[in-house]
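Below is target_6.txt, which holds compact mmCIF, C-alpha atoms.
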# COMPACT_ATOMS: atom_id res chain seq x y z
CA MET A 1 25.38 -24.39 2.95
CA SER A 2 24.09 -27.90 2.22
CA THR A 3 24.01 -29.00 -1.41
CA ASP A 4 21.26 -31.56 -0.72
CA PRO A 5 17.87 -29.87 -1.32
CA PHE A 6 16.25 -32.12 1.31
CA ILE A 7 18.78 -31.38 4.03
CA THR A 8 18.76 -27.69 4.82
CA SER A 9 19.85 -25.85 7.89
CA ASN A 10 17.79 -23.05 9.41
CA ASP A 11 20.36 -20.65 8.05
CA ASP A 12 19.82 -22.00 4.54
CA GLN A 13 16.07 -21.60 4.87
CA PHE A 14 16.29 -18.07 6.23
CA ARG A 15 18.69 -17.16 3.45
CA LYS A 16 16.36 -18.55 0.81
CA LYS A 17 13.36 -16.73 2.30
CA ALA A 18 15.26 -13.47 2.49
CA SER A 19 16.40 -13.89 -1.09
CA ARG A 20 12.83 -14.59 -2.23
CA ARG A 21 11.50 -11.51 -0.42
CA ARG A 22 14.10 -9.34 -2.09
CA ASP A 23 13.20 -10.83 -5.46
CA LEU A 24 9.51 -10.09 -4.83
CA ALA A 25 10.36 -6.51 -3.90
CA LYS A 26 11.93 -6.05 -7.35
CA LEU A 27 8.82 -7.13 -9.29
CA PRO A 28 7.06 -4.48 -11.40
CA ILE A 29 4.38 -2.63 -9.46
CA GLU A 30 1.66 -4.06 -11.73
CA GLU A 31 2.68 -7.62 -10.82
CA LYS A 32 2.80 -6.72 -7.13
CA LEU A 33 -0.74 -5.32 -7.39
CA ARG A 34 -1.90 -8.55 -8.99
CA ARG A 35 -0.38 -10.53 -6.12
CA LEU A 36 -1.94 -8.14 -3.61
CA VAL A 37 -5.40 -8.80 -5.07
CA LYS A 38 -4.77 -12.53 -4.70
CA LEU A 39 -3.81 -11.98 -1.05
CA GLN A 40 -6.98 -9.93 -0.56
CA ALA A 41 -9.05 -12.72 -2.10
CA VAL A 42 -7.52 -15.31 0.23
CA ALA A 43 -8.06 -13.06 3.28
CA TYR A 44 -11.63 -12.39 2.16
CA THR A 45 -12.48 -16.08 1.79
CA ILE A 46 -10.89 -17.02 5.12
CA GLY A 47 -12.58 -14.08 6.86
CA GLN A 48 -15.97 -14.94 5.45
CA ARG A 49 -15.65 -18.57 6.50
CA ALA A 50 -14.76 -17.41 10.00
CA GLY A 51 -17.91 -15.28 10.00
CA ARG A 52 -16.05 -11.97 10.00
CA ASP A 53 -17.24 -8.88 8.18
CA CYS A 54 -14.48 -8.28 5.67
CA HIS A 55 -13.88 -6.35 2.48
CA PRO A 56 -13.84 -8.09 -0.90
CA PRO A 57 -10.69 -7.92 -3.01
CA TRP A 58 -10.18 -4.86 -5.14
CA GLY A 59 -11.51 -4.69 -8.62
CA LYS A 60 -14.76 -4.81 -10.40
CA LYS A 61 -17.62 -6.52 -8.65
CA GLU A 62 -16.88 -9.94 -10.08
CA ARG A 63 -13.54 -10.08 -8.25
CA GLY A 64 -15.53 -10.35 -5.03
CA HIS A 65 -16.52 -13.84 -6.14
CA ILE A 66 -13.00 -15.24 -6.31
CA GLN A 67 -12.99 -18.31 -4.11
CA PHE A 68 -9.92 -20.03 -2.75
CA GLU A 69 -10.64 -23.62 -1.82
CA PRO A 70 -8.45 -25.70 0.50
CA MET B 1 -4.14 -24.42 -1.89
CA SER B 2 -5.94 -24.79 -5.20
CA MET B 3 -8.04 -22.04 -6.60
CA ALA B 4 -11.44 -22.10 -8.25
CA ALA B 5 -12.84 -19.07 -9.96
CA ASP B 6 -16.49 -19.78 -9.08
CA GLY B 7 -17.66 -18.64 -12.48
CA ALA B 8 -15.79 -15.37 -12.25
CA GLU B 9 -12.33 -14.09 -12.99
CA ASN B 10 -9.57 -16.60 -12.38
CA PRO B 11 -7.17 -15.02 -9.89
CA ASP B 12 -4.26 -16.23 -11.98
CA GLU B 13 -5.61 -14.11 -14.80
CA ILE B 14 -6.27 -10.90 -12.90
CA ARG B 15 -5.44 -8.22 -15.40
CA SER B 16 -4.62 -4.59 -15.14
CA PRO B 17 -5.89 -2.11 -14.36
CA ILE B 18 -6.26 -2.77 -10.67
CA ILE B 19 -5.77 0.74 -9.36
CA GLY B 20 -5.21 2.55 -12.68
CA ASP B 21 -8.84 3.59 -13.13
CA ALA B 22 -9.04 4.85 -9.53
CA LEU B 23 -5.85 6.87 -10.08
CA ARG B 24 -7.35 8.41 -13.22
CA VAL B 25 -10.29 9.57 -11.10
CA LEU B 26 -7.87 11.05 -8.53
CA ASN B 27 -6.03 12.85 -11.31
CA SER B 28 -9.34 14.27 -12.55
CA LEU B 29 -10.08 15.55 -9.02
CA GLU B 30 -6.69 17.24 -9.06
CA ALA B 31 -7.36 18.74 -12.50
CA GLU B 32 -10.69 20.08 -11.25
CA GLY B 33 -8.98 21.64 -8.24
CA ILE B 34 -10.90 19.52 -5.73
CA VAL B 35 -7.65 18.12 -4.28
CA GLU B 36 -4.16 19.50 -4.48
CA SER B 37 -0.89 17.58 -4.82
CA TYR B 38 -2.06 14.18 -3.70
CA ALA B 39 0.31 11.28 -3.05
CA ILE B 40 -0.02 7.60 -2.22
CA GLY B 41 1.15 6.63 1.26
CA GLY B 42 0.49 3.69 3.56
CA SER B 43 0.83 0.08 2.50
CA ILE B 44 0.25 0.77 -1.19
CA GLY B 45 3.01 3.34 -1.05
CA LEU B 46 5.22 0.62 0.43
CA LEU B 47 4.22 -1.74 -2.37
CA PHE B 48 6.32 0.36 -4.76
CA TYR B 49 9.44 -0.60 -2.81
CA VAL B 50 8.91 -3.89 -0.98
CA GLU B 51 7.28 -7.30 -1.34
CA PRO B 52 3.45 -7.33 -1.47
CA LEU B 53 1.90 -6.89 1.97
CA LEU B 54 -1.80 -7.35 2.64
CA THR B 55 -3.93 -4.22 2.80
CA ASP B 56 -7.46 -3.39 1.74
CA ASP B 57 -7.33 0.36 1.34
CA LEU B 58 -5.44 2.91 -0.69
CA ASP B 59 -4.29 5.81 1.50
CA ILE B 60 -4.26 9.10 -0.35
CA PHE B 61 -2.70 12.09 1.37
CA CYS B 62 -3.66 15.44 -0.08
CA HIS B 63 -4.27 19.10 0.49
CA ILE B 64 -7.60 20.79 -0.05
CA PRO B 65 -7.26 24.05 -2.01
CA GLN B 66 -8.40 27.28 -0.41
CA SER B 67 -9.02 25.66 2.95
CA GLY B 68 -8.02 27.38 6.16
CA LEU B 69 -6.98 25.86 9.44
CA LEU B 70 -10.12 23.75 9.58
CA ALA B 71 -9.58 21.88 6.32
CA SER B 72 -12.30 19.40 5.49
CA LEU B 73 -12.43 16.50 3.09
CA ALA B 74 -16.17 17.01 2.60
CA PRO B 75 -15.77 18.58 -0.89
CA VAL B 76 -13.81 15.51 -2.05
CA TYR B 77 -16.45 13.05 -0.88
CA LYS B 78 -19.24 15.28 -2.21
CA ARG B 79 -17.67 15.43 -5.69
CA LEU B 80 -16.99 11.69 -5.74
CA GLU B 81 -20.57 10.95 -4.74
CA GLU B 82 -21.72 13.22 -7.57
CA MET B 83 -19.59 11.04 -9.85
CA GLY B 84 -21.48 7.99 -8.59
CA TYR B 85 -19.00 6.54 -6.10
CA GLN B 86 -20.24 5.35 -2.75
CA SER B 87 -18.82 5.99 0.69
CA ASP B 88 -17.98 2.94 2.76
CA GLY B 89 -17.28 4.05 6.32
CA GLU B 90 -14.12 6.11 6.33
CA CYS B 91 -13.34 5.06 2.75
CA ILE B 92 -14.94 5.59 -0.61
CA SER B 93 -14.99 2.94 -3.29
CA ILE B 94 -13.54 4.27 -6.55
CA GLU B 95 -13.55 1.86 -9.50
CA GLY B 96 -13.46 -1.11 -7.15
CA VAL B 97 -10.69 0.24 -4.91
CA ARG B 98 -11.31 1.34 -1.31
CA VAL B 99 -9.72 4.77 -1.05
CA GLN B 100 -9.15 6.70 2.15
CA PHE B 101 -8.34 10.40 1.84
CA LEU B 102 -6.21 11.88 4.57
CA LEU B 103 -4.96 15.37 5.28
CA PRO B 104 -1.34 15.36 6.49
CA PRO B 105 -1.77 14.95 10.26
CA THR B 106 1.81 15.82 11.28
CA PRO B 107 4.74 17.89 9.95
CA LEU B 108 6.52 14.67 8.99
CA VAL B 109 3.62 13.54 6.80
CA GLU B 110 3.42 17.05 5.36
CA GLU B 111 7.08 16.81 4.35
CA ALA B 112 6.53 13.30 2.97
CA LEU B 113 3.75 14.70 0.78
CA GLN B 114 5.93 17.56 -0.44
CA GLN B 115 8.81 15.19 -1.22
CA ALA B 116 6.67 12.54 -2.96
CA ILE B 117 7.96 11.33 -6.32
CA GLU B 118 6.19 10.74 -9.61
CA GLN B 119 5.61 7.13 -10.68
CA ASP B 120 3.72 5.45 -13.50
CA VAL B 121 1.30 2.68 -12.54
CA GLU B 122 -0.74 0.85 -15.13
CA ASP B 123 0.03 3.69 -17.57
CA VAL B 124 -1.21 6.35 -15.16
CA ARG B 125 1.08 9.02 -13.71
CA THR B 126 0.77 9.38 -9.94
CA ARG B 127 2.83 10.47 -6.92
CA VAL B 128 4.12 8.21 -4.16
CA PHE B 129 5.84 8.83 -0.83
CA ARG B 130 9.53 8.01 -0.87
CA TYR B 131 10.47 4.76 0.88
CA GLU B 132 12.40 6.48 3.67
CA TYR B 133 9.40 8.70 4.48
CA LEU B 134 7.04 5.72 4.52
CA LEU B 135 9.28 4.03 7.08
CA ALA B 136 9.58 7.18 9.18
CA VAL B 137 5.82 7.78 9.13
CA MET B 138 5.22 4.21 10.31
CA ALA B 139 7.73 4.73 13.12
CA GLU B 140 5.91 7.91 14.04
CA THR B 141 2.49 6.21 14.03
CA ASN B 142 4.01 3.20 15.84
CA ARG B 143 1.01 0.88 16.06
CA PRO B 144 1.75 -2.86 16.28
CA ARG B 145 0.86 -3.26 12.60
CA ASP B 146 3.21 -0.41 11.68
CA ARG B 147 6.04 -2.11 13.52
CA ALA B 148 5.23 -5.39 11.77
CA LYS B 149 5.25 -3.65 8.39
CA ILE B 150 8.57 -1.98 9.13
CA ALA B 151 10.08 -5.40 9.87
CA ALA B 152 8.63 -6.92 6.70
CA ALA B 153 9.71 -3.95 4.60
CA LEU B 154 13.30 -4.01 5.84
CA ASP B 155 13.46 -7.74 5.11
CA SER B 156 12.80 -7.12 1.44
CA ALA B 157 14.32 -3.73 0.57
CA ASP B 158 17.04 -1.53 2.02
CA PRO B 159 16.32 2.17 2.49
CA ASP B 160 18.89 4.88 1.84
CA GLN B 161 20.33 4.97 5.36
CA THR B 162 21.61 8.52 5.07
CA LYS B 163 18.21 9.87 4.02
CA LEU B 164 16.37 7.79 6.61
CA THR B 165 18.67 8.83 9.46
CA ASP B 166 18.29 12.47 8.47
CA ILE B 167 14.48 12.26 8.56
CA LEU B 168 14.40 10.30 11.82
CA THR B 169 16.83 12.70 13.46
CA ARG B 170 14.95 15.83 12.40
CA TYR B 171 11.66 14.44 13.72
CA ASN B 172 13.17 13.05 16.92
CA LEU B 173 12.36 9.46 15.97
CA LEU B 174 15.81 7.93 15.97
CA ASP B 175 15.58 6.33 19.43
CA ARG B 176 12.15 4.93 18.62
CA TRP B 177 13.46 3.56 15.33
CA ARG B 178 16.30 1.78 17.15
CA MET B 179 13.79 0.28 19.59
CA ILE B 180 11.57 -0.92 16.74
CA THR B 181 14.36 -2.42 14.67
CA ARG B 182 16.69 -3.86 17.33
The structure in this file should be written as structure tokens.
Amino acid sequence: MSTDPFITSNDDQFRKKASRRRDLAKLPIEEKLRRLVKLQAVAYTIGQRAGRDCHPPWGKKERGHIQFEP
Amino acid sequence: MSMAADGAENPDEIRSPIIGDALRVLNSLEAEGIVESYAIGGSIGLLFYVEPLLTDDLDIFCHIPQSGLLASLAPVYKRLEEMGYQSDGECISIEGVRVQFLLPPTPLVEEALQQAIEQDVEDVRTRVFRYEYLLAVMAETNRPRDRAKIAAALDSADPDQTKLTDILTRYNLLDRWRMITR
């Protein structure tokens, strides 16, 4: 494994991604739900901009107004 | 990607409860005898075990008390509408969460429901399918998105191989599982 953070092999990158996914899997369910709502908000904004009929993120009505700007 | 809250809740400050209030409503339906022994399946069930994966509905598997062979979810939707919640296609929005009620469609899902385990979420007690059953049910359903979720799930959390193999073998899904995960 390279020790230089700017020179990484594919193997290094896959290993880091796999490690990050396993770390995410260990988060408390409440934190995972919070991250899910963020994902929903991103998908909602992208879908709306593409003119698709999509569901707003979960939560009270005001969460439907979360906007993610590029 | 920067985020702007557009005058509303900042997504970095999304606070609980997200599904807690909806689960309280489900527990009240169970207490009233409208549903029996419900459990969370689908992608939210997976969320208890793996990294967050995008979904926009909460799948609730349940039995309907005193129903015969032709069980219907109509009493559930009727009661929820009486409580002021609105249907949205095949789902119903409960406290801001799109919930889909499902009767166990196969013996495997029936067993998954019976074997579901208790979990606390946002200070609410609920029941969730075990990880191995969630994987087996996705293998049984076997849509492209199920196969994609199996791959993502296995990347982030290991199932109990003995339990999983037992379930897959009993429901004749082992060959399919090998095809999906090779």
Any idea what the distance is between atom CA of Asp160 of chain B and atom CA of Ile60 of chain B?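 That distance, rounded to one decimal, is 23.6 Å.
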Nearest to chain A, chosen from B:Gly33, B:Pro144, B:Pro65, B:Pro17, with only C-alpha atoms counted in the distances: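 Using only C-alpha atoms, chain A sits closest to B:Pro17.
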All residues 10 Å or closer to Leu33 of chain A, only C-alpha atoms, same chain fewer than 5 positions away omitted, as a ChimeraX atom specification: /A:27-28,38-39,58 /B:14-19,44,47-48,52-53,121-122
I'd like to know which of B:Val124, B:Leu113, B:Cys91, B:Leu108 is closest to Leu173 of chain B, using only C-alpha atoms.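 Smallest separation from Leu173 of chain B among the options: B:Leu108.
With distances taken over all atoms listed in the file, A:Ala25 is the one residue among A:Asp53, A:Ala25, A:Gly47, A:Val42 lying closest to chain B.
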What does the structure give for the distance between atom CA of Leu46 of chain B and atom CA of Cys54 of chain A, in Å to one decimal?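 If I compute the distance from atom CA of Leu46 of chain B to atom CA of Cys54 of chain A, I get 22.2 Å.
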Where's the centre, and what are the edge lengths in Å to one decimal, of a box along x, y and z enclosing all listed atoms of segment 46-50 of chain A padded 3 Å per side, as lines of an AutoDock Vina configuration file?
center_x = -13.4
center_y = -16.3
center_z = 7.6
size_x = 11.1
size_y = 10.5
size_z = 10.9
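Closest to chain B among A:Ala41, A:Asp12, A:Gly59, A:Gly51 is A:Gly59, based on only C-alpha atoms.
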So that I can check the surroundings of Thr169 of chain B, please list as a CSV table (one decimal) with C-alpha atoms, in the coordinates of the input every protein, DNA and RNA residue that reaches within 12 Å of it, counting all atoms listed in the file and ignoring chain neighbours fewer than 5 positions away.
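Everything below was put into result10.csv:
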chain,number,residue,atom,x,y,z
B,108,LEU,CA,6.5,14.7,9.0
B,136,ALA,CA,9.6,7.2,9.2
B,140,GLU,CA,5.9,7.9,14.0
B,161,GLN,CA,20.3,5.0,5.4
B,162,THR,CA,21.6,8.5,5.1
B,163,LYS,CA,18.2,9.9,4.0
B,164,LEU,CA,16.4,7.8,6.6
B,174,LEU,CA,15.8,7.9,16.0
B,175,ASP,CA,15.6,6.3,19.4
B,176,ARG,CA,12.2,4.9,18.6
B,177,TRP,CA,13.5,3.6,15.3
B,178,ARG,CA,16.3,1.8,17.2
Suppose you want the space between atom CA of Glu51 of chain B and atom CA of Met138 of chain B; what is it in Å?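 For atom CA of Glu51 of chain B relative to atom CA of Met138 of chain B, the distance reads 16.5 Å.
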Written coordinates, N, CA, C and O atoms of segment 70-102 of chain B as a PDB file, in the first residue's frame:
ATOM      1  N   LEU B  70     -58.661 -14.638   2.203  1.00  0.00           N
ATOM      2  CA  LEU B  70     -58.653 -13.409   1.396  1.00  0.00           C
ATOM      3  C   LEU B  70     -58.402 -12.206   2.306  1.00  0.00           C
ATOM      4  O   LEU B  70     -59.253 -11.342   2.482  1.00  0.00           O
ATOM      5  N   ALA B  71     -57.238 -12.173   2.919  1.00  0.00           N
ATOM      6  CA  ALA B  71     -56.905 -11.076   3.823  1.00  0.00           C
ATOM      7  C   ALA B  71     -56.828  -9.767   3.033  1.00  0.00           C
ATOM      8  O   ALA B  71     -56.349  -9.751   1.894  1.00  0.00           O
ATOM      9  N   SER B  72     -57.283  -8.716   3.654  1.00  0.00           N
ATOM     10  CA  SER B  72     -57.271  -7.411   2.997  1.00  0.00           C
ATOM     11  C   SER B  72     -56.667  -6.376   3.928  1.00  0.00           C
ATOM     12  O   SER B  72     -56.877  -6.420   5.148  1.00  0.00           O
ATOM     13  N   LEU B  73     -55.957  -5.448   3.336  1.00  0.00           N
ATOM     14  CA  LEU B  73     -55.365  -4.360   4.116  1.00  0.00           C
ATOM     15  C   LEU B  73     -56.330  -3.192   4.278  1.00  0.00           C
ATOM     16  O   LEU B  73     -55.984  -2.193   4.900  1.00  0.00           O
ATOM     17  N   ALA B  74     -57.530  -3.334   3.718  1.00  0.00           N
ATOM     18  CA  ALA B  74     -58.491  -2.217   3.751  1.00  0.00           C
ATOM     19  C   ALA B  74     -58.736  -1.679   5.158  1.00  0.00           C
ATOM     20  O   ALA B  74     -58.774  -0.454   5.351  1.00  0.00           O
ATOM     21  N   PRO B  75     -58.869  -2.549   6.190  1.00  0.00           N
ATOM     22  CA  PRO B  75     -59.107  -1.991   7.544  1.00  0.00           C
ATOM     23  C   PRO B  75     -57.957  -1.111   8.031  1.00  0.00           C
ATOM     24  O   PRO B  75     -58.178  -0.152   8.774  1.00  0.00           O
ATOM     25  N   VAL B  76     -56.738  -1.428   7.603  1.00  0.00           N
ATOM     26  CA  VAL B  76     -55.572  -0.636   8.031  1.00  0.00           C
ATOM     27  C   VAL B  76     -55.661   0.763   7.422  1.00  0.00           C
ATOM     28  O   VAL B  76     -55.530   1.781   8.114  1.00  0.00           O
ATOM     29  N   TYR B  77     -55.899   0.810   6.114  1.00  0.00           N
ATOM     30  CA  TYR B  77     -55.974   2.100   5.433  1.00  0.00           C
ATOM     31  C   TYR B  77     -57.174   2.904   5.930  1.00  0.00           C
ATOM     32  O   TYR B  77     -57.085   4.124   6.104  1.00  0.00           O
ATOM     33  N   LYS B  78     -58.283   2.187   6.189  1.00  0.00           N
ATOM     34  CA  LYS B  78     -59.489   2.886   6.672  1.00  0.00           C
ATOM     35  C   LYS B  78     -59.192   3.549   8.023  1.00  0.00           C
ATOM     36  O   LYS B  78     -59.502   4.719   8.228  1.00  0.00           O
ATOM     37  N   ARG B  79     -58.575   2.807   8.930  1.00  0.00           N
ATOM     38  CA  ARG B  79     -58.288   3.346  10.260  1.00  0.00           C
ATOM     39  C   ARG B  79     -57.302   4.520  10.170  1.00  0.00           C
ATOM     40  O   ARG B  79     -57.461   5.531  10.855  1.00  0.00           O
ATOM     41  N   LEU B  80     -56.291   4.372   9.325  1.00  0.00           N
ATOM     42  CA  LEU B  80     -55.300   5.446   9.190  1.00  0.00           C
ATOM     43  C   LEU B  80     -55.938   6.698   8.593  1.00  0.00           C
ATOM     44  O   LEU B  80     -55.606   7.821   8.997  1.00  0.00           O
ATOM     45  N   GLU B  81     -56.848   6.503   7.659  1.00  0.00           N
ATOM     46  CA  GLU B  81     -57.533   7.677   7.090  1.00  0.00           C
ATOM     47  C   GLU B  81     -58.419   8.335   8.141  1.00  0.00           C
ATOM     48  O   GLU B  81     -58.524   9.562   8.190  1.00  0.00           O
ATOM     49  N   GLU B  82     -59.027   7.528   9.002  1.00  0.00           N
ATOM     50  CA  GLU B  82     -59.798   8.094  10.124  1.00  0.00           C
ATOM     51  C   GLU B  82     -58.889   8.927  11.027  1.00  0.00           C
ATOM     52  O   GLU B  82     -59.314   9.906  11.629  1.00  0.00           O
ATOM     53  N   MET B  83     -57.634   8.506  11.130  1.00  0.00           N
ATOM     54  CA  MET B  83     -56.680   9.238  11.979  1.00  0.00           C
ATOM     55  C   MET B  83     -56.123  10.467  11.260  1.00  0.00           C
ATOM     56  O   MET B  83     -55.304  11.193  11.818  1.00  0.00           O
ATOM     57  N   GLY B  84     -56.515  10.661  10.010  1.00  0.00           N
ATOM     58  CA  GLY B  84     -56.130  11.870   9.285  1.00  0.00           C
ATOM     59  C   GLY B  84     -54.970  11.704   8.333  1.00  0.00           C
ATOM     60  O   GLY B  84     -54.468  12.691   7.780  1.00  0.00           O
ATOM     61  N   TYR B  85     -54.507  10.469   8.118  1.00  0.00           N
ATOM     62  CA  TYR B  85     -53.396  10.250   7.198  1.00  0.00           C
ATOM     63  C   TYR B  85     -53.930   9.970   5.800  1.00  0.00           C
ATOM     64  O   TYR B  85     -54.986   9.367   5.647  1.00  0.00           O
ATOM     65  N   GLN B  86     -53.160  10.411   4.809  1.00  0.00           N
ATOM     66  CA  GLN B  86     -53.659  10.339   3.439  1.00  0.00           C
ATOM     67  C   GLN B  86     -52.930   9.282   2.627  1.00  0.00           C
ATOM     68  O   GLN B  86     -51.706   9.172   2.685  1.00  0.00           O
ATOM     69  N   SER B  87     -53.724   8.543   1.842  1.00  0.00           N
ATOM     70  CA  SER B  87     -53.145   7.556   0.939  1.00  0.00           C
ATOM     71  C   SER B  87     -52.418   8.268  -0.193  1.00  0.00           C
ATOM     72  O   SER B  87     -52.810   9.354  -0.616  1.00  0.00           O
ATOM     73  N   ASP B  88     -51.341   7.626  -0.655  1.00  0.00           N
ATOM     74  CA  ASP B  88     -50.568   8.180  -1.758  1.00  0.00           C
ATOM     75  C   ASP B  88     -50.202   6.987  -2.652  1.00  0.00           C
ATOM     76  O   ASP B  88     -49.157   6.375  -2.484  1.00  0.00           O
ATOM     77  N   GLY B  89     -51.111   6.660  -3.561  1.00  0.00           N
ATOM     78  CA  GLY B  89     -50.901   5.476  -4.392  1.00  0.00           C
ATOM     79  C   GLY B  89     -50.962   4.226  -3.530  1.00  0.00           C
ATOM     80  O   GLY B  89     -51.894   4.037  -2.752  1.00  0.00           O
ATOM     81  N   GLU B  90     -49.911   3.414  -3.628  1.00  0.00           N
ATOM     82  CA  GLU B  90     -49.897   2.178  -2.850  1.00  0.00           C
ATOM     83  C   GLU B  90     -49.393   2.402  -1.430  1.00  0.00           C
ATOM     84  O   GLU B  90     -49.355   1.470  -0.630  1.00  0.00           O
ATOM     85  N   CYS B  91     -49.007   3.636  -1.122  1.00  0.00           N
ATOM     86  CA  CYS B  91     -48.487   3.956   0.214  1.00  0.00           C
ATOM     87  C   CYS B  91     -49.464   4.849   0.955  1.00  0.00           C
ATOM     88  O   CYS B  91     -50.441   5.345   0.393  1.00  0.00           O
ATOM     89  N   ILE B  92     -49.177   5.044   2.224  1.00  0.00           N
ATOM     90  CA  ILE B  92     -49.923   6.034   2.994  1.00  0.00           C
ATOM     91  C   ILE B  92     -48.900   6.833   3.788  1.00  0.00           C
ATOM     92  O   ILE B  92     -47.920   6.272   4.307  1.00  0.00           O
ATOM     93  N   SER B  93     -49.082   8.140   3.806  1.00  0.00           N
ATOM     94  CA  SER B  93     -48.115   9.000   4.474  1.00  0.00           C
ATOM     95  C   SER B  93     -48.471   9.116   5.952  1.00  0.00           C
ATOM     96  O   SER B  93     -49.524   9.632   6.306  1.00  0.00           O
ATOM     97  N   ILE B  94     -47.580   8.595   6.796  1.00  0.00           N
ATOM     98  CA  ILE B  94     -47.790   8.649   8.252  1.00  0.00           C
ATOM     99  C   ILE B  94     -46.688   9.495   8.864  1.00  0.00           C
ATOM    100  O   ILE B  94     -45.509   9.130   8.808  1.00  0.00           O
ATOM    101  N   GLU B  95     -47.071  10.634   9.423  1.00  0.00           N
ATOM    102  CA  GLU B  95     -46.100  11.542  10.064  1.00  0.00           C
ATOM    103  C   GLU B  95     -44.898  11.820   9.156  1.00  0.00           C
ATOM    104  O   GLU B  95     -43.746  11.779   9.584  1.00  0.00           O
ATOM    105  N   GLY B  96     -45.210  12.056   7.878  1.00  0.00           N
ATOM    106  CA  GLY B  96     -44.150  12.442   6.948  1.00  0.00           C
ATOM    107  C   GLY B  96     -43.380  11.288   6.348  1.00  0.00           C
ATOM    108  O   GLY B  96     -42.418  11.508   5.597  1.00  0.00           O
ATOM    109  N   VAL B  97     -43.757  10.053   6.659  1.00  0.00           N
ATOM    110  CA  VAL B  97     -43.047   8.884   6.125  1.00  0.00           C
ATOM    111  C   VAL B  97     -44.008   8.091   5.234  1.00  0.00           C
ATOM    112  O   VAL B  97     -45.131   7.793   5.638  1.00  0.00           O
ATOM    113  N   ARG B  98     -43.535   7.784   4.013  1.00  0.00           N
ATOM    114  CA  ARG B  98     -44.363   6.966   3.106  1.00  0.00           C
ATOM    115  C   ARG B  98     -44.280   5.507   3.547  1.00  0.00           C
ATOM    116  O   ARG B  98     -43.217   4.912   3.519  1.00  0.00           O
ATOM    117  N   VAL B  99     -45.414   4.976   3.958  1.00  0.00           N
ATOM    118  CA  VAL B  99     -45.446   3.609   4.484  1.00  0.00           C
ATOM    119  C   VAL B  99     -46.245   2.720   3.536  1.00  0.00           C
ATOM    120  O   VAL B  99     -47.323   3.099   3.084  1.00  0.00           O
ATOM    121  N   GLN B 100     -45.673   1.571   3.215  1.00  0.00           N
ATOM    122  CA  GLN B 100     -46.408   0.588   2.419  1.00  0.00           C
ATOM    123  C   GLN B 100     -46.633  -0.652   3.281  1.00  0.00           C
ATOM    124  O   GLN B 100     -45.677  -1.247   3.791  1.00  0.00           O
ATOM    125  N   PHE B 101     -47.896  -1.016   3.446  1.00  0.00           N
ATOM    126  CA  PHE B 101     -48.229  -2.237   4.199  1.00  0.00           C
ATOM    127  C   PHE B 101     -48.283  -3.405   3.237  1.00  0.00           C
ATOM    128  O   PHE B 101     -48.829  -3.290   2.130  1.00  0.00           O
ATOM    129  N   LEU B 102     -47.737  -4.516   3.662  1.00  0.00           N
ATOM    130  CA  LEU B 102     -47.706  -5.705   2.814  1.00  0.00           C
ATOM    131  C   LEU B 102     -48.050  -6.929   3.656  1.00  0.00           C
ATOM    132  O   LEU B 102     -47.552  -7.076   4.781  1.00  0.00           O
TER     133      LEU B 102
END
